Amino acid sequence: MTGDTRTPFAENLARIRKGRDLSQEQLAEAAAVGIDTVARIEQGTRTTCRPKTLRSLANALGVTVDTLLGAAPEQHSRDVDFMPLRRAITADARIPGLDDFAESRELLPLSELTTSAHSTWRAYVDGHHAELLHALPAVLTDARRIVRDAHDEERAGAHRVLSTAYRLGAGIAGRLGLDDLAFTAATRALDAATESDSPEVEAAISLRYLAWTLLRQGRAEEAERVATEAAAVIEPRMLDRDPVRAGVFGNLLFNAATAALFSGSADRAEDLLAAAHAAAIRSRGDTATEAAIFGPRVAALQRVDLSVRSGDPERALRLADTVPEVDGGDVPAFWEAGHRLYLAAAAAELRRDRAALAWLAEAKDLAADWVRYQPLGKATMTTIVDRATRRGGPEFAELAAHYDVIA
């Protein structure tokens, strides 16, 4: 194949391998992958690979995954081809011509599939979109293959992983503005959840993504209904200390509160967040898993963000001072970055532009790629640029460029 038809991944793999003075056989041995895998990637006949393979190749070459994929830190991952993801989400063995497209027919052990799914989830919460878009199609294909060929408990476990993968597909599709594809992925996640080894919890998690996609489609009342009814099913009992159920319950209430606000009921949104906050206080700190991102700090962040969306920036900034620090927990960078965007919006509305710029800079540092997809960041930076009376300097210009205010 010519260089014009190969992907950046194929070209980079060959270029870096040669730059390291390695043969295909030597790279395959160092990465513990098949020589056929290296050859087909470089030829361009294999365009996706599993997360483990991707990381093994990058480690063997001494580069990051982003470098290997050709996704420089300053590049917009919206420029990455998402067609493999579309094909992976919509693949269906019942439809001629739309069955799975992966070359390999090997059946992964369920434990390895679970590890791959966790790796793609980590890329999702860390905002590594290029890595996620590359690896997720393979995870979806591998999970469907185990669902088709395995038996009993292993098949149920594979359905759980498949549900997780479809949810990640819904999440990244939504971030890219592909709302109909996100809805398709969320409904397929729900289908897989009902066949999993934990159907009640997995279905509730999938319904949270479904509510989110409904909200993105402008269907706020339906989104609130889906989220509140799912929360009622999964709600922990009085003495139930299960962090998974509590996290899923709380996240569903977050979705419901946002939907209620979009429907024009700020009071109902406050009530829903109060219930989520009460559940968070009973939890054992902030946690971030494939099931939910939840805890006292996360719930407090939601209250601040809701105040901004409600049009009360002064209250939002007061509440921000009361947000607890993370105590032995884990709040993903993109959640923290989103909180900074809301604080920046509140400060800008109060014409505290210096503070707003500082929060926009923090959001960029926390999750540079993720913030590019957030209209709130662009709108806030545009407001500041439009009313600036003099040059703001190199950092100001860099922020304006990063938030797409200028080309």
# chains A, B, ... in the order shown; residues from 1 in each chain; ligands from 1
$ residues_around --residues "Thr194 (chain A)" --least-positions-apart "6" --cutoff "8 Å" --atoms "only C-alpha atoms" --output "number ranges by chain"
A: 200, 202-203
$ residues_around --residues "region 249-252 of chain A" --least-positions-apart "3" --cutoff "10 Å" --atoms "only C-alpha atoms" --output "tab-separated table (two decimals) with C-alpha atoms, in the first residue's frame"
chain	number	residue	atom	x	y	z
A	201	VAL	CA	-27.04	-2.72	38.56
A	204	ALA	CA	-29.35	1.10	36.01
A	205	ILE	CA	-25.89	2.23	34.85
A	207	LEU	CA	-30.14	3.88	31.87
A	208	ARG	CA	-27.99	6.70	33.25
A	209	TYR	CA	-26.20	6.93	29.90
A	211	ALA	CA	-30.93	9.58	30.18
A	212	TRP	CA	-27.83	11.60	29.33
A	224	GLU	CA	-35.81	13.03	34.01
A	226	VAL	CA	-35.91	7.62	32.91
A	227	ALA	CA	-33.38	8.72	35.53
A	228	THR	CA	-35.78	9.02	38.47
A	229	GLU	CA	-37.52	5.70	37.77
A	230	ALA	CA	-34.17	3.93	37.42
A	231	ALA	CA	-32.96	5.55	40.64
A	232	ALA	CA	-36.05	4.31	42.48
A	233	VAL	CA	-35.19	0.74	41.47
A	234	ILE	CA	-31.53	0.91	42.48
A	235	GLU	CA	-31.86	3.11	45.59
A	236	PRO	CA	-29.84	1.67	48.50
A	243	PRO	CA	-20.80	1.82	47.25
A	244	VAL	CA	-21.74	0.65	43.75
A	245	ARG	CA	-25.49	0.96	44.29
A	246	ALA	CA	-25.02	4.28	46.08
A	255	ASN	CA	-28.94	13.31	35.56
A	256	ALA	CA	-32.47	13.81	36.83
A	257	ALA	CA	-31.56	17.12	38.47
A	272	LEU	CA	-32.95	15.73	43.63
A	273	LEU	CA	-29.44	16.96	44.35
A	275	ALA	CA	-31.11	13.36	47.94
A	276	ALA	CA	-27.92	12.60	46.02
A	277	HIS	CA	-25.86	14.60	48.51
A	278	ALA	CA	-27.35	12.64	51.43
A	279	ALA	CA	-26.35	9.38	49.76
A	280	ALA	CA	-22.85	10.77	49.12
A	291	ALA	CA	-20.18	1.95	37.44
A	292	ALA	CA	-20.21	5.51	38.75
A	293	ILE	CA	-18.25	8.59	39.77
A	294	PHE	CA	-19.61	9.57	43.16
A	295	GLY	CA	-18.86	10.80	46.66
A	298	VAL	CA	-18.56	15.00	43.46
A	299	ALA	CA	-21.98	15.78	44.95
$ atom_distance --atom1 "CA of Asn59 (chain A)" --atom2 "CA of Ala30 (chain A)"
9.0 Å
$ select_by_dssp --residues "region 197-319 of chain A" --states "helix (DSSP H, G or I)" --output "PyMOL selection string"
chain A and resi 199-216+220-234+243-262+266-282+296-309+313-319
$ closest_residue --among "A:Ala130, A:Val139, A:Leu343, A:Ile172" --to "Ser116 (chain A)" --atoms "only C-alpha atoms"
A:Val139
$ residues_around --residues "region 168-171 of chain A" --least-positions-apart "4" --cutoff "6 Å" --atoms "only C-alpha atoms" --output "short mmCIF file (atom, residue, chain, number, x, y, z; two decimals) with N, CA and C atoms, in the first residue's frame"
data_model
loop_
_atom_site.label_atom_id
_atom_site.label_comp_id
_atom_site.auth_asym_id
_atom_site.auth_seq_id
_atom_site.Cartn_x
_atom_site.Cartn_y
_atom_site.Cartn_z
N ALA A 182 -24.87 7.94 19.91
CA ALA A 182 -24.81 7.76 21.36
C ALA A 182 -26.06 7.06 21.87
N ALA A 185 -25.89 3.37 21.00
CA ALA A 185 -24.96 2.68 21.89
C ALA A 185 -25.56 2.48 23.28
N ALA A 186 -26.27 3.48 23.78
CA ALA A 186 -26.86 3.38 25.11
C ALA A 186 -27.95 2.31 25.16
#
$ residues_around --residues "Ser196 (chain A)" --least-positions-apart "4" --cutoff "6 Å" --atoms "only C-alpha atoms" --output "JSON list (two decimals) with all heavy atoms, in the first residue's frame"
[["chain", "number", "residue", "atom", "x", "y", "z"],
["A", 156, "ALA", "N", -22.46, -14.54, 30.62],
["A", 156, "ALA", "CA", -23.07, -13.45, 31.41],
["A", 156, "ALA", "C", -22.02, -12.39, 31.76],
["A", 156, "ALA", "O", -22.31, -11.19, 31.72],
["A", 156, "ALA", "CB", -23.70, -14.01, 32.68],
["A", 157, "GLY", "N", -20.81, -12.83, 32.10],
["A", 157, "GLY", "CA", -19.74, -11.88, 32.38],
["A", 157, "GLY", "C", -19.37, -11.08, 31.15],
["A", 157, "GLY", "O", -19.09, -9.87, 31.23],
["A", 159, "HIS", "N", -21.39, -10.32, 28.73],
["A", 159, "HIS", "CA", -22.46, -9.35, 28.53],
["A", 159, "HIS", "C", -22.24, -8.11, 29.40],
["A", 159, "HIS", "O", -22.53, -6.99, 28.98],
["A", 159, "HIS", "CB", -23.82, -9.98, 28.88],
["A", 159, "HIS", "CG", -24.50, -10.62, 27.70],
["A", 159, "HIS", "ND1", -24.69, -11.98, 27.59],
["A", 159, "HIS", "CD2", -25.04, -10.08, 26.58],
["A", 159, "HIS", "CE1", -25.31, -12.25, 26.46],
["A", 159, "HIS", "NE2", -25.53, -11.12, 25.83],
["A", 160, "ARG", "N", -21.72, -8.32, 30.61],
["A", 160, "ARG", "CA", -21.43, -7.17, 31.48],
["A", 160, "ARG", "C", -20.37, -6.28, 30.85],
["A", 160, "ARG", "O", -20.51, -5.05, 30.82],
["A", 160, "ARG", "CB", -20.98, -7.67, 32.86],
["A", 160, "ARG", "CG", -20.46, -6.56, 33.76],
["A", 160, "ARG", "CD", -20.18, -7.05, 35.17],
["A", 160, "ARG", "NE", -19.62, -8.39, 35.22],
["A", 160, "ARG", "CZ", -18.35, -8.69, 34.99],
["A", 160, "ARG", "NH1", -17.48, -7.73, 34.69],
["A", 160, "ARG", "NH2", -17.93, -9.94, 35.08]]
$ residues_around --residues "region 363-380 of chain A" --least-positions-apart "3" --cutoff "8 Å" --atoms "only C-alpha atoms" --output "list in words"
Pro73, His76, Ser77, Asp126, Gly127, His128, His129, Arg175, Leu176, Ala333, Phe334, Glu336, Ala337, Gly338, Arg340, Leu341, Tyr342, Ala344, Ala345, Ala348, Trp359, Leu360, Thr383, Ile384, His402, Tyr403, Asp404 and Val405 of chain A
$ write_last_selection --atoms "C-alpha atoms" --output "compact mmCIF listing (two decimals), in the first residue's frame"
# COMPACT_ATOMS: atom_id res chain seq x y z
CA PRO A 73 -1.26 16.87 22.65
CA HIS A 76 -8.02 18.07 18.32
CA SER A 77 -9.06 14.47 18.64
CA ASP A 126 -8.66 10.77 31.27
CA GLY A 127 -9.85 12.41 28.04
CA HIS A 128 -7.51 10.41 25.77
CA HIS A 129 -9.92 10.38 22.86
CA ARG A 175 -18.72 14.09 23.34
CA LEU A 176 -18.22 14.17 19.57
CA ALA A 333 -9.74 15.06 35.69
CA PHE A 334 -12.61 15.78 33.32
CA GLU A 336 -12.65 18.59 37.91
CA ALA A 337 -12.13 20.42 34.61
CA GLY A 338 -15.88 20.73 34.10
CA ARG A 340 -13.59 24.88 36.64
CA LEU A 341 -15.52 25.74 33.49
CA TYR A 342 -18.63 26.45 35.58
CA ALA A 344 -15.13 30.47 35.03
CA ALA A 345 -18.62 31.06 33.65
CA ALA A 348 -17.23 35.98 33.85
CA TRP A 359 -10.19 28.79 35.99
CA LEU A 360 -10.20 28.36 32.22
CA THR A 383 -17.30 36.75 26.33
CA ILE A 384 -13.93 37.68 27.85
CA HIS A 402 -7.48 26.43 22.73
CA TYR A 403 -11.17 27.21 23.27
CA ASP A 404 -11.68 27.77 19.54
CA VAL A 405 -12.46 31.46 19.90
$ closest_residue --among "A:Ser307, A:Gln302, A:Thr64, A:Thr7" --to "Ile41 (chain A)" --atoms "only C-alpha atoms"
A:Thr7
$ atom_distance --atom1 "CA of Ala355 (chain A)" --atom2 "CA of Tyr124 (chain A)"
28.7 Å
$ decode --residues "region 53-66 of chain A" --atoms "all heavy atoms" --output "PDB file, in the first residue's frame"
ATOM      1  N   THR A  53      -2.375  -4.623  23.106  1.00  0.00           N
ATOM      2  CA  THR A  53      -1.439  -4.627  21.976  1.00  0.00           C
ATOM      3  C   THR A  53      -0.913  -3.224  21.719  1.00  0.00           C
ATOM      4  O   THR A  53       0.288  -3.021  21.494  1.00  0.00           O
ATOM      5  CB  THR A  53      -2.147  -5.160  20.717  1.00  0.00           C
ATOM      6  OG1 THR A  53      -2.622  -6.485  20.975  1.00  0.00           O
ATOM      7  CG2 THR A  53      -1.195  -5.183  19.530  1.00  0.00           C
ATOM      8  N   LEU A  54      -1.805  -2.249  21.748  1.00  0.00           N
ATOM      9  CA  LEU A  54      -1.422  -0.863  21.498  1.00  0.00           C
ATOM     10  C   LEU A  54      -0.381  -0.389  22.512  1.00  0.00           C
ATOM     11  O   LEU A  54       0.659   0.192  22.150  1.00  0.00           O
ATOM     12  CB  LEU A  54      -2.673   0.018  21.563  1.00  0.00           C
ATOM     13  CG  LEU A  54      -2.529   1.480  21.157  1.00  0.00           C
ATOM     14  CD1 LEU A  54      -2.108   1.589  19.706  1.00  0.00           C
ATOM     15  CD2 LEU A  54      -3.848   2.208  21.396  1.00  0.00           C
ATOM     16  N   ARG A  55      -0.633  -0.654  23.772  1.00  0.00           N
ATOM     17  CA  ARG A  55       0.299  -0.224  24.816  1.00  0.00           C
ATOM     18  C   ARG A  55       1.620  -1.002  24.750  1.00  0.00           C
ATOM     19  O   ARG A  55       2.688  -0.452  25.025  1.00  0.00           O
ATOM     20  CB  ARG A  55      -0.347  -0.377  26.190  1.00  0.00           C
ATOM     21  CG  ARG A  55      -1.498   0.613  26.417  1.00  0.00           C
ATOM     22  CD  ARG A  55      -2.181   0.386  27.758  1.00  0.00           C
ATOM     23  NE  ARG A  55      -3.325   1.274  27.914  1.00  0.00           N
ATOM     24  CZ  ARG A  55      -3.252   2.503  28.402  1.00  0.00           C
ATOM     25  NH1 ARG A  55      -2.101   2.979  28.802  1.00  0.00           N
ATOM     26  NH2 ARG A  55      -4.339   3.239  28.502  1.00  0.00           N
ATOM     27  N   SER A  56       1.531  -2.278  24.404  1.00  0.00           N
ATOM     28  CA  SER A  56       2.756  -3.083  24.300  1.00  0.00           C
ATOM     29  C   SER A  56       3.656  -2.559  23.187  1.00  0.00           C
ATOM     30  O   SER A  56       4.879  -2.474  23.349  1.00  0.00           O
ATOM     31  CB  SER A  56       2.401  -4.547  24.039  1.00  0.00           C
ATOM     32  OG  SER A  56       1.720  -5.106  25.154  1.00  0.00           O
ATOM     33  N   LEU A  57       3.066  -2.205  22.051  1.00  0.00           N
ATOM     34  CA  LEU A  57       3.857  -1.661  20.945  1.00  0.00           C
ATOM     35  C   LEU A  57       4.482  -0.324  21.336  1.00  0.00           C
ATOM     36  O   LEU A  57       5.661  -0.072  21.049  1.00  0.00           O
ATOM     37  CB  LEU A  57       2.972  -1.498  19.709  1.00  0.00           C
ATOM     38  CG  LEU A  57       2.555  -2.792  19.005  1.00  0.00           C
ATOM     39  CD1 LEU A  57       1.475  -2.509  17.971  1.00  0.00           C
ATOM     40  CD2 LEU A  57       3.755  -3.461  18.346  1.00  0.00           C
ATOM     41  N   ALA A  58       3.679   0.542  21.975  1.00  0.00           N
ATOM     42  CA  ALA A  58       4.199   1.851  22.392  1.00  0.00           C
ATOM     43  C   ALA A  58       5.342   1.686  23.384  1.00  0.00           C
ATOM     44  O   ALA A  58       6.387   2.348  23.276  1.00  0.00           O
ATOM     45  CB  ALA A  58       3.076   2.693  22.989  1.00  0.00           C
ATOM     46  N   ASN A  59       5.163   0.790  24.367  1.00  0.00           N
ATOM     47  CA  ASN A  59       6.209   0.569  25.370  1.00  0.00           C
ATOM     48  C   ASN A  59       7.480   0.018  24.724  1.00  0.00           C
ATOM     49  O   ASN A  59       8.603   0.414  25.079  1.00  0.00           O
ATOM     50  CB  ASN A  59       5.711  -0.382  26.449  1.00  0.00           C
ATOM     51  CG  ASN A  59       4.655   0.249  27.337  1.00  0.00           C
ATOM     52  OD1 ASN A  59       4.562   1.469  27.431  1.00  0.00           O
ATOM     53  ND2 ASN A  59       3.852  -0.581  27.988  1.00  0.00           N
ATOM     54  N   ALA A  60       7.312  -0.902  23.789  1.00  0.00           N
ATOM     55  CA  ALA A  60       8.482  -1.497  23.141  1.00  0.00           C
ATOM     56  C   ALA A  60       9.251  -0.465  22.323  1.00  0.00           C
ATOM     57  O   ALA A  60      10.477  -0.549  22.191  1.00  0.00           O
ATOM     58  CB  ALA A  60       8.050  -2.658  22.245  1.00  0.00           C
ATOM     59  N   LEU A  61       8.542   0.537  21.812  1.00  0.00           N
ATOM     60  CA  LEU A  61       9.186   1.581  21.013  1.00  0.00           C
ATOM     61  C   LEU A  61       9.633   2.768  21.862  1.00  0.00           C
ATOM     62  O   LEU A  61      10.275   3.691  21.348  1.00  0.00           O
ATOM     63  CB  LEU A  61       8.232   2.059  19.916  1.00  0.00           C
ATOM     64  CG  LEU A  61       7.950   1.040  18.799  1.00  0.00           C
ATOM     65  CD1 LEU A  61       6.790   1.516  17.937  1.00  0.00           C
ATOM     66  CD2 LEU A  61       9.193   0.802  17.964  1.00  0.00           C
ATOM     67  N   GLY A  62       9.232   2.772  23.138  1.00  0.00           N
ATOM     68  CA  GLY A  62       9.634   3.861  24.025  1.00  0.00           C
ATOM     69  C   GLY A  62       8.918   5.166  23.742  1.00  0.00           C
ATOM     70  O   GLY A  62       9.499   6.248  23.909  1.00  0.00           O
ATOM     71  N   VAL A  63       7.648   5.093  23.303  1.00  0.00           N
ATOM     72  CA  VAL A  63       6.861   6.298  23.029  1.00  0.00           C
ATOM     73  C   VAL A  63       5.521   6.174  23.737  1.00  0.00           C
ATOM     74  O   VAL A  63       5.143   5.100  24.224  1.00  0.00           O
ATOM     75  CB  VAL A  63       6.639   6.507  21.517  1.00  0.00           C
ATOM     76  CG1 VAL A  63       7.962   6.694  20.798  1.00  0.00           C
ATOM     77  CG2 VAL A  63       5.859   5.332  20.906  1.00  0.00           C
ATOM     78  N   THR A  64       4.779   7.276  23.774  1.00  0.00           N
ATOM     79  CA  THR A  64       3.435   7.230  24.335  1.00  0.00           C
ATOM     80  C   THR A  64       2.460   6.683  23.298  1.00  0.00           C
ATOM     81  O   THR A  64       2.746   6.674  22.090  1.00  0.00           O
ATOM     82  CB  THR A  64       2.963   8.633  24.756  1.00  0.00           C
ATOM     83  OG1 THR A  64       2.821   9.456  23.587  1.00  0.00           O
ATOM     84  CG2 THR A  64       3.946   9.278  25.721  1.00  0.00           C
ATOM     85  N   VAL A  65       1.296   6.262  23.779  1.00  0.00           N
ATOM     86  CA  VAL A  65       0.256   5.797  22.873  1.00  0.00           C
ATOM     87  C   VAL A  65      -0.176   6.917  21.929  1.00  0.00           C
ATOM     88  O   VAL A  65      -0.375   6.705  20.727  1.00  0.00           O
ATOM     89  CB  VAL A  65      -0.950   5.257  23.671  1.00  0.00           C
ATOM     90  CG1 VAL A  65      -2.152   5.022  22.750  1.00  0.00           C
ATOM     91  CG2 VAL A  65      -0.581   3.955  24.383  1.00  0.00           C
ATOM     92  N   ASP A  66      -0.313   8.137  22.459  1.00  0.00           N
ATOM     93  CA  ASP A  66      -0.708   9.269  21.621  1.00  0.00           C
ATOM     94  C   ASP A  66       0.302   9.509  20.496  1.00  0.00           C
ATOM     95  O   ASP A  66      -0.085   9.781  19.351  1.00  0.00           O
ATOM     96  CB  ASP A  66      -0.847  10.539  22.461  1.00  0.00           C
ATOM     97  CG  ASP A  66      -2.188  10.620  23.174  1.00  0.00           C
ATOM     98  OD1 ASP A  66      -3.066   9.793  22.863  1.00  0.00           O
ATOM     99  OD2 ASP A  66      -2.352  11.499  24.037  1.00  0.00           O
TER     100      ASP A  66
END
